[in-house]
$ cat structure05.txt   # compact mmCIF, C-alpha atoms
# COMPACT_ATOMS: atom_id res chain seq x y z
CA MET F 1 16.19 -9.97 -93.59
CA LYS F 2 13.72 -9.28 -90.83
CA PHE F 3 10.41 -7.42 -90.72
CA SER F 4 12.12 -4.56 -88.85
CA ASP F 5 14.43 -4.04 -91.85
CA PHE F 6 11.39 -2.60 -93.64
CA LYS F 7 10.37 -0.19 -90.88
CA ALA F 8 10.89 2.84 -93.14
CA LEU F 9 7.71 1.71 -94.93
CA VAL F 10 5.73 2.39 -91.74
CA PRO F 11 6.27 6.03 -90.72
CA ARG F 12 5.77 7.04 -87.08
CA TRP F 13 6.12 10.84 -87.38
CA ILE F 14 7.13 11.43 -83.77
CA PHE F 15 10.07 13.79 -84.10
CA PHE F 16 12.25 15.35 -81.47
CA ASP F 17 9.95 15.00 -78.50
CA GLY F 18 13.26 15.10 -76.64
CA PHE F 19 16.31 17.09 -77.70
CA GLY F 20 18.58 15.76 -74.98
CA ALA F 21 21.50 13.42 -75.36
CA ALA F 22 19.61 10.29 -76.38
CA CYS F 23 22.78 8.31 -75.94
CA ARG F 24 26.48 8.96 -75.67
CA VAL F 25 29.23 6.47 -76.44
CA GLU F 26 32.68 6.69 -74.86
CA LEU F 27 35.70 4.46 -75.11
CA ARG F 28 39.19 4.19 -73.66
CA PHE F 29 42.39 2.51 -74.71
CA GLY F 30 45.42 1.03 -72.98
CA GLU F 31 48.49 -1.05 -73.65
CA THR F 32 47.46 -3.52 -70.96
CA ARG F 33 44.08 -4.71 -69.71
CA GLU F 34 44.69 -3.16 -66.31
CA GLU F 35 45.84 0.31 -67.35
CA LEU F 36 43.31 2.02 -69.56
CA GLY F 37 43.41 5.73 -70.37
CA PRO F 38 40.64 8.32 -69.88
CA TRP F 39 37.22 7.96 -71.49
CA ILE F 40 36.87 9.82 -74.78
CA GLU F 41 33.68 10.55 -76.73
CA ALA F 42 33.35 8.28 -79.76
CA PHE F 43 31.10 10.33 -82.00
CA THR F 44 32.40 13.86 -81.79
CA PRO F 45 30.28 16.53 -83.47
CA VAL F 46 30.96 17.49 -87.06
CA GLU F 47 31.53 21.23 -87.52
CA ARG F 48 28.47 22.68 -89.26
CA THR F 49 28.83 24.68 -92.47
CA ALA F 50 26.33 26.11 -94.95
CA TRP F 51 27.44 23.60 -97.60
CA GLN F 52 26.25 20.77 -95.35
CA LEU F 53 22.70 21.81 -96.14
CA PHE F 54 23.29 20.08 -99.49
CA HIS F 55 25.97 17.55 -98.60
CA ASN F 56 26.39 16.29 -95.05
CA PRO F 57 27.64 12.69 -95.24
CA ARG F 58 29.75 12.66 -92.06
CA GLY F 59 27.03 14.41 -90.05
CA ASN F 60 24.39 11.92 -91.19
CA LEU F 61 26.74 9.00 -90.54
CA ARG F 62 27.24 10.31 -87.00
CA LEU F 63 23.47 10.49 -86.44
CA PHE F 64 23.12 6.95 -87.81
CA ALA F 65 25.82 5.81 -85.37
CA ILE F 66 23.99 7.37 -82.42
CA SER F 67 20.64 5.85 -83.42
CA SER F 68 22.37 2.47 -83.86
CA PHE F 69 23.67 2.64 -80.30
CA GLU F 70 20.18 3.53 -79.05
CA ARG F 71 19.07 0.25 -80.62
CA PHE F 72 22.16 -1.41 -79.08
CA ILE F 73 21.01 -0.44 -75.58
CA VAL F 74 17.50 -1.77 -76.14
CA GLU F 75 18.78 -5.11 -77.49
CA ALA F 76 21.46 -5.40 -74.79
CA GLN F 77 18.67 -5.44 -72.17
CA GLN F 78 17.30 -8.61 -73.78
CA TYR F 79 20.64 -10.42 -73.35
CA LEU F 80 21.49 -9.50 -69.76
CA GLU F 81 21.78 -13.19 -68.86
CA ASP F 82 23.73 -14.07 -71.96
CA PRO F 83 26.14 -11.26 -72.97
CA ASP F 84 28.26 -13.61 -75.11
CA VAL F 85 25.30 -14.23 -77.42
CA PHE F 86 24.70 -10.48 -77.69
CA ALA F 87 28.40 -9.94 -78.55
CA LYS F 88 27.88 -12.16 -81.60
CA SER F 89 24.71 -10.35 -82.74
CA GLU F 90 24.37 -8.25 -85.89
CA THR F 91 23.61 -5.15 -83.82
CA TYR F 92 26.83 -5.58 -81.86
CA ALA F 93 28.84 -6.07 -85.07
CA VAL F 94 27.31 -2.99 -86.74
CA CYS F 95 28.00 -0.84 -83.68
CA MET F 96 31.60 -2.05 -83.43
CA ALA F 97 32.08 -1.22 -87.13
CA LEU F 98 30.66 2.26 -86.49
CA LEU F 99 33.05 2.76 -83.56
CA LYS F 100 36.01 1.76 -85.71
CA GLU F 101 34.79 4.07 -88.48
CA HIS F 102 34.75 7.08 -86.17
CA VAL F 103 37.71 6.42 -83.90
CA THR F 104 41.19 5.35 -84.94
CA PHE F 105 42.01 2.17 -83.04
CA PRO F 106 45.67 1.40 -82.21
CA HIS F 107 47.09 -1.68 -83.89
CA SER F 108 47.77 -3.38 -80.57
CA GLY F 109 46.51 -3.05 -77.03
CA PHE F 110 43.12 -3.08 -75.39
CA PHE F 111 39.94 -1.04 -75.33
CA GLN F 112 36.66 -0.73 -73.51
CA PHE F 113 33.53 1.18 -74.43
CA LYS F 114 30.41 2.27 -72.63
CA VAL F 115 27.03 3.56 -73.71
CA GLN F 116 25.26 6.16 -71.63
CA ALA F 117 21.54 6.77 -72.07
CA VAL F 118 18.83 9.12 -70.87
CA LEU F 119 16.42 7.84 -68.27
CA GLU F 120 12.84 7.42 -69.48
CA ASN F 121 11.51 10.05 -67.10
CA GLU F 122 10.38 13.35 -68.53
CA ASP F 123 11.09 15.25 -65.29
CA MET F 124 14.67 14.06 -64.99
CA ALA F 125 16.95 14.43 -67.97
CA GLY F 126 20.34 12.85 -67.42
CA LEU F 127 22.75 10.27 -68.70
CA GLN F 128 23.52 7.03 -66.93
CA ASP F 129 25.74 4.11 -67.88
CA ALA F 130 23.45 1.70 -69.72
CA PHE F 131 26.13 -0.66 -71.00
CA VAL F 132 29.80 -1.09 -70.15
CA SER F 133 31.73 -3.55 -72.29
CA SER F 134 34.40 -5.92 -71.11
CA VAL F 135 38.00 -4.98 -71.84
CA GLN F 136 38.83 -6.34 -75.28
CA ALA F 137 41.88 -6.60 -77.50
CA THR F 138 41.95 -4.05 -80.32
CA MET A 139 -1.93 31.18 -104.33
CA THR A 140 -2.53 29.96 -107.86
CA THR A 141 -4.53 26.84 -108.41
CA PHE A 142 -2.39 23.80 -109.06
CA SER A 143 -3.32 21.55 -111.94
CA LEU A 144 -2.96 17.85 -111.22
CA SER A 145 -0.16 17.45 -113.73
CA SER A 146 1.86 20.44 -112.51
CA ALA A 147 1.54 19.31 -108.87
CA LEU A 148 2.70 15.83 -109.87
CA ASP A 149 5.57 17.16 -112.00
CA LEU A 150 6.79 19.47 -109.27
CA THR A 151 6.64 16.62 -106.75
CA ARG A 152 8.60 14.41 -109.17
CA VAL A 153 11.38 16.96 -109.64
CA LEU A 154 11.62 17.96 -105.96
CA ALA A 155 11.63 14.33 -104.79
CA GLY A 156 14.24 13.56 -107.45
CA ILE A 157 16.49 16.34 -106.16
CA ALA A 158 16.08 15.08 -102.57
CA VAL A 159 17.02 11.51 -103.55
CA LEU A 160 19.89 12.74 -105.74
CA LEU A 161 21.41 14.59 -102.76
CA GLN A 162 20.94 11.49 -100.58
CA ASN A 163 22.64 9.37 -103.24
CA LEU A 164 25.64 11.69 -103.50
CA GLU A 165 26.06 11.59 -99.71
CA MET A 166 25.92 7.79 -99.78
CA ARG A 167 28.42 7.59 -102.61
CA SER A 168 30.95 9.70 -100.74
CA LEU A 169 30.65 7.28 -97.79
CA ARG A 170 30.31 4.14 -99.89
CA LYS A 171 33.27 2.18 -98.52
CA SER A 172 32.44 3.01 -94.93
CA LEU A 173 28.76 2.31 -95.36
CA ALA A 174 29.32 -1.04 -97.03
CA ARG A 175 31.43 -2.09 -94.03
CA ILE A 176 28.88 -0.85 -91.54
CA GLY A 177 25.59 -1.99 -93.06
CA GLY A 178 24.40 -5.53 -92.72
CA SER A 179 22.75 -6.89 -95.83
CA PHE A 180 24.94 -6.27 -98.86
CA THR A 181 28.58 -6.50 -99.76
CA ASP A 182 30.42 -3.44 -101.04
CA ARG A 183 29.89 -4.59 -104.63
CA TYR A 184 26.11 -5.00 -104.27
CA PHE A 185 25.80 -1.76 -102.30
CA GLY A 186 27.74 0.09 -105.00
CA GLY A 187 25.45 -1.44 -107.62
CA ILE A 188 22.34 -0.31 -105.76
CA LEU A 189 23.71 3.24 -105.49
CA ALA A 190 24.55 3.28 -109.22
CA MET A 191 21.06 2.06 -110.12
CA GLN A 192 19.49 4.66 -107.86
CA LEU A 193 21.58 7.44 -109.43
CA PHE A 194 20.61 6.31 -112.94
CA GLY A 195 16.94 6.05 -111.97
CA VAL A 196 16.78 9.42 -110.26
CA LEU A 197 18.51 11.24 -113.14
CA CYS A 198 15.99 9.67 -115.53
CA LEU A 199 13.14 10.68 -113.19
CA ILE A 200 14.28 14.30 -113.07
CA VAL A 201 15.45 14.84 -116.64
CA LEU A 202 13.56 12.58 -119.04
CA PRO A 203 10.16 13.74 -120.27
CA ASP A 204 8.94 10.10 -120.38
CA PHE A 205 9.65 6.79 -118.66
CA HIS A 206 8.53 8.18 -115.31
CA ALA A 207 6.88 4.92 -114.20
CA PRO A 208 10.00 2.70 -114.55
CA SER A 209 12.25 5.48 -113.22
CA ALA A 210 10.09 5.97 -110.13
CA ALA A 211 9.95 2.21 -109.59
CA VAL A 212 13.75 1.93 -109.75
CA VAL A 213 14.23 4.83 -107.36
CA PHE A 214 11.63 3.44 -104.93
CA ALA A 215 13.13 -0.08 -105.01
CA THR A 216 16.71 1.11 -104.55
CA SER A 217 15.72 3.53 -101.77
CA LEU A 218 13.97 0.68 -99.97
CA LEU A 219 17.01 -1.60 -100.44
CA ILE A 220 19.28 1.09 -98.99
CA SER A 221 17.01 1.33 -95.93
CA VAL A 222 17.10 -2.46 -95.62
CA HIS A 223 20.90 -2.37 -95.84
CA PHE A 224 20.87 -0.16 -92.73
CA ARG A 225 18.53 -2.57 -90.95
CA GLY A 226 15.46 -0.40 -91.44
CA SER A 227 16.66 3.14 -91.90
CA PHE A 228 19.73 5.32 -92.32
CA ASN A 229 18.14 8.68 -91.63
CA GLY A 230 14.90 7.93 -89.76
CA GLY A 231 11.94 10.05 -90.78
CA ALA A 232 13.62 11.37 -93.92
CA ASP A 233 13.89 7.81 -95.26
CA ALA A 234 10.25 7.11 -94.37
CA MET A 235 8.95 10.26 -96.09
CA THR A 236 11.13 9.56 -99.14
CA LEU A 237 9.46 6.16 -99.49
CA VAL A 238 5.99 7.66 -98.97
CA ILE A 239 6.57 10.09 -101.84
CA LEU A 240 8.20 7.54 -104.15
CA SER A 241 5.52 4.90 -103.59
CA ALA A 242 2.83 7.47 -104.40
CA LEU A 243 4.72 8.58 -107.53
CA CYS A 244 4.92 4.92 -108.63
CA VAL A 245 1.13 4.61 -108.40
CA ALA A 246 0.51 7.92 -110.20
CA PHE A 247 2.91 7.14 -113.05
CA ALA A 248 1.70 3.52 -113.37
CA PHE A 249 -1.77 4.79 -114.31
CA PRO A 250 -1.11 7.93 -116.38
CA SER A 251 -4.53 7.90 -118.02
CA HIS A 252 -6.37 7.69 -114.70
CA PRO A 253 -6.55 11.11 -112.97
CA LEU A 254 -7.96 9.37 -109.90
CA ALA A 255 -4.61 7.61 -109.37
CA THR A 256 -2.76 10.94 -109.52
CA LYS A 257 -5.28 12.55 -107.15
CA ALA A 258 -4.99 9.65 -104.72
CA ALA A 259 -1.18 9.81 -104.85
CA LEU A 260 -1.07 13.55 -104.13
CA VAL A 261 -3.65 13.30 -101.34
CA TYR A 262 -1.67 10.40 -99.84
CA ILE A 263 1.54 12.45 -99.80
CA GLY A 264 -0.30 15.52 -98.52
CA LEU A 265 -1.93 13.57 -95.69
CA HIS A 266 1.40 12.07 -94.61
CA SER A 267 3.00 15.51 -94.67
CA THR A 268 0.14 16.92 -92.56
CA LEU A 269 0.30 14.01 -90.12
CA SER A 270 4.06 14.34 -89.76
CA TYR A 271 3.69 17.88 -88.39
CA VAL A 272 0.52 17.29 -86.36
CA ILE A 273 1.71 14.09 -84.64
CA ALA A 274 5.09 15.67 -83.84
CA GLY A 275 3.31 18.72 -82.38
CA ILE A 276 0.86 16.68 -80.28
CA SER A 277 3.60 14.41 -78.91
CA LYS A 278 5.46 17.53 -77.71
CA LEU A 279 2.30 19.10 -76.27
CA LYS A 280 1.79 16.02 -74.10
CA LYS A 281 5.15 16.55 -72.37
CA SER A 282 5.42 18.97 -69.47
CA ARG A 283 9.09 19.70 -70.29
CA TRP A 284 8.00 21.02 -73.68
CA ARG A 285 5.05 22.99 -72.29
CA SER A 286 7.30 24.70 -69.73
CA GLY A 287 10.15 25.32 -72.20
CA ALA A 288 12.54 23.18 -70.12
CA GLU A 289 13.28 20.78 -72.98
CA ILE A 290 14.75 23.57 -75.09
CA ARG A 291 16.30 25.49 -72.17
CA ASP A 292 18.10 22.57 -70.51
CA SER A 293 18.65 19.85 -73.08
CA LEU A 294 20.13 21.55 -76.12
CA LYS A 295 23.62 21.87 -74.65
CA ASP A 296 23.99 18.09 -74.18
CA SER A 297 22.04 17.14 -77.27
CA SER A 298 23.12 14.23 -79.47
CA TYR A 299 22.52 16.60 -82.38
CA ALA A 300 25.51 18.79 -81.44
CA VAL A 301 23.61 22.08 -81.38
CA PRO A 302 25.92 25.08 -82.07
CA ALA A 303 26.87 27.01 -78.92
CA THR A 304 25.40 30.27 -80.22
CA LEU A 305 21.95 28.66 -80.56
CA VAL A 306 22.25 26.99 -77.15
CA ARG A 307 23.01 30.39 -75.59
CA SER A 308 20.16 32.07 -77.48
CA PHE A 309 17.64 29.57 -76.13
CA SER A 310 19.05 29.29 -72.60
CA GLU A 311 16.88 32.05 -71.09
CA ALA A 312 13.61 30.71 -69.68
CA PRO A 313 11.25 33.23 -71.39
CA THR A 314 12.94 32.68 -74.77
CA ALA A 315 12.84 28.89 -74.40
CA PHE A 316 9.16 29.06 -73.37
CA ALA A 317 8.30 31.23 -76.38
CA VAL A 318 10.27 29.04 -78.80
CA SER A 319 8.66 25.85 -77.42
CA TRP A 320 5.14 27.15 -77.86
CA THR A 321 5.89 28.69 -81.25
CA LEU A 322 7.22 25.34 -82.42
CA MET A 323 4.31 23.29 -81.05
CA LEU A 324 1.65 25.69 -82.34
CA PHE A 325 3.36 25.88 -85.74
CA GLU A 326 3.32 22.07 -86.04
CA ILE A 327 -0.37 21.65 -85.24
CA ALA A 328 -1.34 24.79 -87.22
CA VAL A 329 -0.94 22.94 -90.51
CA VAL A 330 -4.54 21.68 -90.26
CA PRO A 331 -6.27 25.08 -90.00
CA ALA A 332 -3.73 26.48 -92.48
CA LEU A 333 -5.01 24.06 -95.12
CA MET A 334 -8.41 25.75 -95.03
CA SER A 335 -7.29 28.93 -96.77
CA PRO A 336 -4.77 29.47 -99.58
CA HIS A 337 -3.43 32.60 -97.87
CA THR A 338 -2.84 30.95 -94.50
CA LEU A 339 -1.31 27.94 -96.24
CA SER A 340 1.10 30.24 -98.14
CA ALA A 341 2.15 31.88 -94.88
CA TRP A 342 2.43 28.51 -93.14
CA LEU A 343 4.65 27.12 -95.94
CA VAL A 344 7.04 30.07 -95.57
CA LEU A 345 7.20 29.34 -91.83
CA ALA A 346 7.73 25.65 -92.59
CA LEU A 347 10.68 26.45 -94.80
CA ALA A 348 12.17 28.60 -92.03
CA PHE A 349 11.46 25.78 -89.55
CA HIS A 350 13.41 23.26 -91.62
CA LEU A 351 16.29 25.69 -92.13
CA LEU A 352 16.40 26.22 -88.36
CA ASN A 353 16.33 22.43 -87.92
CA PHE A 354 19.39 22.21 -90.14
CA ALA A 355 21.17 25.04 -88.31
CA ALA A 356 20.38 23.58 -84.88
CA LEU A 357 20.37 19.83 -85.46
CA GLY A 358 22.21 19.36 -88.78
CA LEU A 359 19.23 17.62 -90.39
CA ASN A 360 19.75 18.59 -94.02
CA ARG A 361 17.84 15.71 -95.61
CA PHE A 362 14.55 16.61 -93.91
CA LEU A 363 14.45 20.00 -95.65
CA PHE A 364 14.57 18.62 -99.19
CA VAL A 365 12.29 15.64 -98.55
CA TRP A 366 9.61 17.69 -96.79
CA VAL A 367 9.73 20.48 -99.39
CA ALA A 368 8.99 17.75 -101.95
CA THR A 369 5.69 17.13 -100.15
CA TYR A 370 4.55 20.77 -100.37
CA PRO A 371 2.99 20.60 -103.87
CA ALA A 372 0.87 17.71 -102.56
CA LEU A 373 0.08 19.69 -99.41
CA ILE A 374 -1.13 22.59 -101.57
CA TYR A 375 -3.18 20.15 -103.65
CA LEU A 376 -4.64 18.60 -100.48
CA GLY A 377 -5.67 22.07 -99.31
CA GLU A 378 -7.40 22.77 -102.62
CA THR A 379 -9.17 19.41 -102.46
CA LEU A 380 -10.41 20.06 -98.93
CA ARG A 381 -11.69 23.52 -99.86
CA ALA A 382 -13.42 22.37 -103.08
$ encode --input "structure05.txt" --output "structure tokens"
Amino acid sequence: MKFSDFKALVPRWIFFDGFGAACRVELRFGETREELGPWIEAFTPVERTAWQLFHNPRGNLRLFAISSFERFIVEAQQYLEDPDVFAKSETYAVCMALLKEHVTFPHSGFFQFKVQAVLENEDMAGLQDAFVSSVQAT
Amino acid sequence: MTTFSLSSALDLTRVLAGIAVLLQNLEMRSLRKSLARIGGSFTDRYFGGILAMQLFGVLCLIVLPDFHAPSAAVVFATSLLISVHFRGSFNGGADAMTLVILSALCVAFAFPSHPLATKAALVYIGLHSTLSYVIAGISKLKKSRWRSGAEIRDSLKDSSYAVPATLVRSFSEAPTAFAVSWTLMLFEIAVVPALMSPHTLSAWLVLALAFHLLNFAALGLNRFLFVWVATYPALIYLGETLRA
């Protein structure tokens, strides 16, 4: 356990100073490394119903997935020189588990994912590729 | 607004916080297998055990007339462990406010014969609730995109929160977005003057309830509603303390 695992004990109270797409994760599949299909969104929205006011597990899991990938982008910047080390990190493993929880992976073949993020400039809201993975076996 | 006694404010906070944690627990239980795979710290068996302990603790906290101190301690400890399992937090601010309330309840129930402990606990919760609105309002006021309404007008359609199309359309006109932005920012910082009168605080609390319902409709944030409502008895108590 790390100190950051206890961050809920130290509230920040800065909510929603930006409503935009904080990050967006897409992935694509193919039978071979060279021929991958179109990019698809990993964490598609959950249809909202009144009952979800009381019970919204999939919606909250989706928000956790998005916040995990925001952390992914930040940590990926620290491993630019050593992506193999990052690929073995806990953050990478958690995010891969979240991808596999939200998207049905084929039993064989290859996949690639990318994370798009908003630029830190309040006058220019837009998504850019912040991380593009290598092509990996499913 | 009627004057809150210390014990009724504490009891109401206990029950409302219990309901909020109970709903969180039921969500976690329905995702248990997935969450055990995704989280980092505990195996499925340990995670299931923590959820079971939290459920037992929170039912005791809500229902039993006694044993509040051990019940609150169990609920606080298990809630913290669940946050640790998710490497700090599963649901951001809602987790943080849950722990604020539960830690304060632990202190209040640990010293039942000391009214000062109960007062301190309620003021602590009330101050955090106040700060949560004020800091969120000020951080928006500092941004030109919020002051101009552009954040609401342009960003909702691509939001990570999957805002329903009807709401995106409603807020897409510049004058509407401008009015909504300023209403939101002024509402958030208005909690401080609202505390100075029981009538303005009553009106502000009604607005706050509507605000959290709108947050759910727009952003799907259901947990925030129940956790923040659990702070309102303490907010009312804080107002009474400031006016005394």
$ interface_residues --input "structure05.txt" --of "chain F" --to "chain A" --cutoff "9 Å" --atoms "only C-alpha atoms" --output "PyMOL selection string"
chain F and resi 1-24+44-50+52-61+63-64+66-67+90-91+93-98+101+122-123+125
$ residues_around --input "structure05.txt" --residues "Gly186 in chain A" --least-positions-apart "5" --cutoff "9 Å" --atoms "only C-alpha atoms" --output "short mmCIF file (atom, residue, chain, number, x, y, z; two decimals) with C-alpha atoms, in the frame of the given file"
data_model
loop_
_atom_site.label_atom_id
_atom_site.label_comp_id
_atom_site.auth_asym_id
_atom_site.auth_seq_id
_atom_site.Cartn_x
_atom_site.Cartn_y
_atom_site.Cartn_z
CA ARG A 167 28.42 7.59 -102.61
CA ARG A 170 30.31 4.14 -99.89
CA LYS A 171 33.27 2.18 -98.52
CA ALA A 174 29.32 -1.04 -97.03
CA THR A 181 28.58 -6.50 -99.76
CA MET A 191 21.06 2.06 -110.12
#
$ atom_distance --input "structure05.txt" --atom1 "CA of Pro208 in chain A" --atom2 "CA of Leu148 in chain A"
15.7 Å
$ atom_distance --input "structure05.txt" --atom1 "CA of Phe131 in chain F" --atom2 "CA of Phe43 in chain F"
16.3 Å
$ atom_distance --input "structure05.txt" --atom1 "CA of Val213 in chain A" --atom2 "CA of Thr379 in chain A"
28.0 Å
$ closest_residue --input "structure05.txt" --among "F:Leu36, F:Ala87, F:Leu99, F:Leu80" --to "Ala65 in chain F" --atoms "only C-alpha atoms"
F:Leu99
$ closest_residue --input "structure05.txt" --among "F:Leu127, F:Ile73, F:Phe111, F:Ala117" --to "Arg28 in chain F" --atoms "all atoms listed in the file"
F:Phe111
$ closest_residue --input "structure05.txt" --among "F:His107, F:Lys88, F:Arg71, F:His102" --to "Glu26 in chain F" --atoms "all atoms listed in the file"
F:His102
$ axis_aligned_box --input "structure05.txt" --around "range 304-311 of chain A" --padding-each-side "6 Å" --output "AutoDock Vina command-line options"
--center_x 21.1 --center_y 29.5 --center_z -75.8 --size_x 20.5 --size_y 17.1 --size_z 21.5
$ closest_residue --input "structure05.txt" --among "A:Arg285, A:Arg291, A:His337, A:His206" --to "Pro250 in chain A" --atoms "only C-alpha atoms"
A:His206
$ residues_around --input "structure05.txt" --residues "Pro106 in chain F" --least-positions-apart "2" --cutoff "9 Å" --atoms "all atoms listed in the file" --output "PyMOL selection string"
chain F and resi 29+104+108-110+138
$ write_last_selection --input "structure05.txt" --atoms "C-alpha atoms" --output "mmCIF file, keeping the file's coordinate frame"
data_model
loop_
_atom_site.group_PDB
_atom_site.id
_atom_site.type_symbol
_atom_site.label_atom_id
_atom_site.label_comp_id
_atom_site.auth_asym_id
_atom_site.auth_seq_id
_atom_site.Cartn_x
_atom_site.Cartn_y
_atom_site.Cartn_z
ATOM 1 C CA PHE F 29 42.390 2.510 -74.710
ATOM 2 C CA THR F 104 41.190 5.350 -84.940
ATOM 3 C CA SER F 108 47.770 -3.380 -80.570
ATOM 4 C CA GLY F 109 46.510 -3.050 -77.030
ATOM 5 C CA PHE F 110 43.120 -3.080 -75.390
ATOM 6 C CA THR F 138 41.950 -4.050 -80.320
#
$ residues_around --input "structure05.txt" --residues "Ala155 in chain A" --least-positions-apart "5" --cutoff "9 Å" --atoms "all atoms listed in the file" --output "list in words"
Leu150, Leu160, Val196, Ile200, Thr236, Ile239, Leu240, Phe364, Val365, Trp366, Val367, Ala368 and Thr369 of chain A
$ write_last_selection --input "structure05.txt" --atoms "C-alpha atoms" --output "mmCIF file, keeping the file's coordinate frame"
data_model
loop_
_atom_site.group_PDB
_atom_site.id
_atom_site.type_symbol
_atom_site.label_atom_id
_atom_site.label_comp_id
_atom_site.auth_asym_id
_atom_site.auth_seq_id
_atom_site.Cartn_x
_atom_site.Cartn_y
_atom_site.Cartn_z
ATOM 1 C CA LEU A 150 6.790 19.470 -109.270
ATOM 2 C CA LEU A 160 19.890 12.740 -105.740
ATOM 3 C CA VAL A 196 16.780 9.420 -110.260
ATOM 4 C CA ILE A 200 14.280 14.300 -113.070
ATOM 5 C CA THR A 236 11.130 9.560 -99.140
ATOM 6 C CA ILE A 239 6.570 10.090 -101.840
ATOM 7 C CA LEU A 240 8.200 7.540 -104.150
ATOM 8 C CA PHE A 364 14.570 18.620 -99.190
ATOM 9 C CA VAL A 365 12.290 15.640 -98.550
ATOM 10 C CA TRP A 366 9.610 17.690 -96.790
ATOM 11 C CA VAL A 367 9.730 20.480 -99.390
ATOM 12 C CA ALA A 368 8.990 17.750 -101.950
ATOM 13 C CA THR A 369 5.690 17.130 -100.150
#
$ residues_around --input "structure05.txt" --residues "Val25 in chain F" --least-positions-apart "6" --cutoff "6 Å" --atoms "all atoms listed in the file" --output "count of residues only"
3
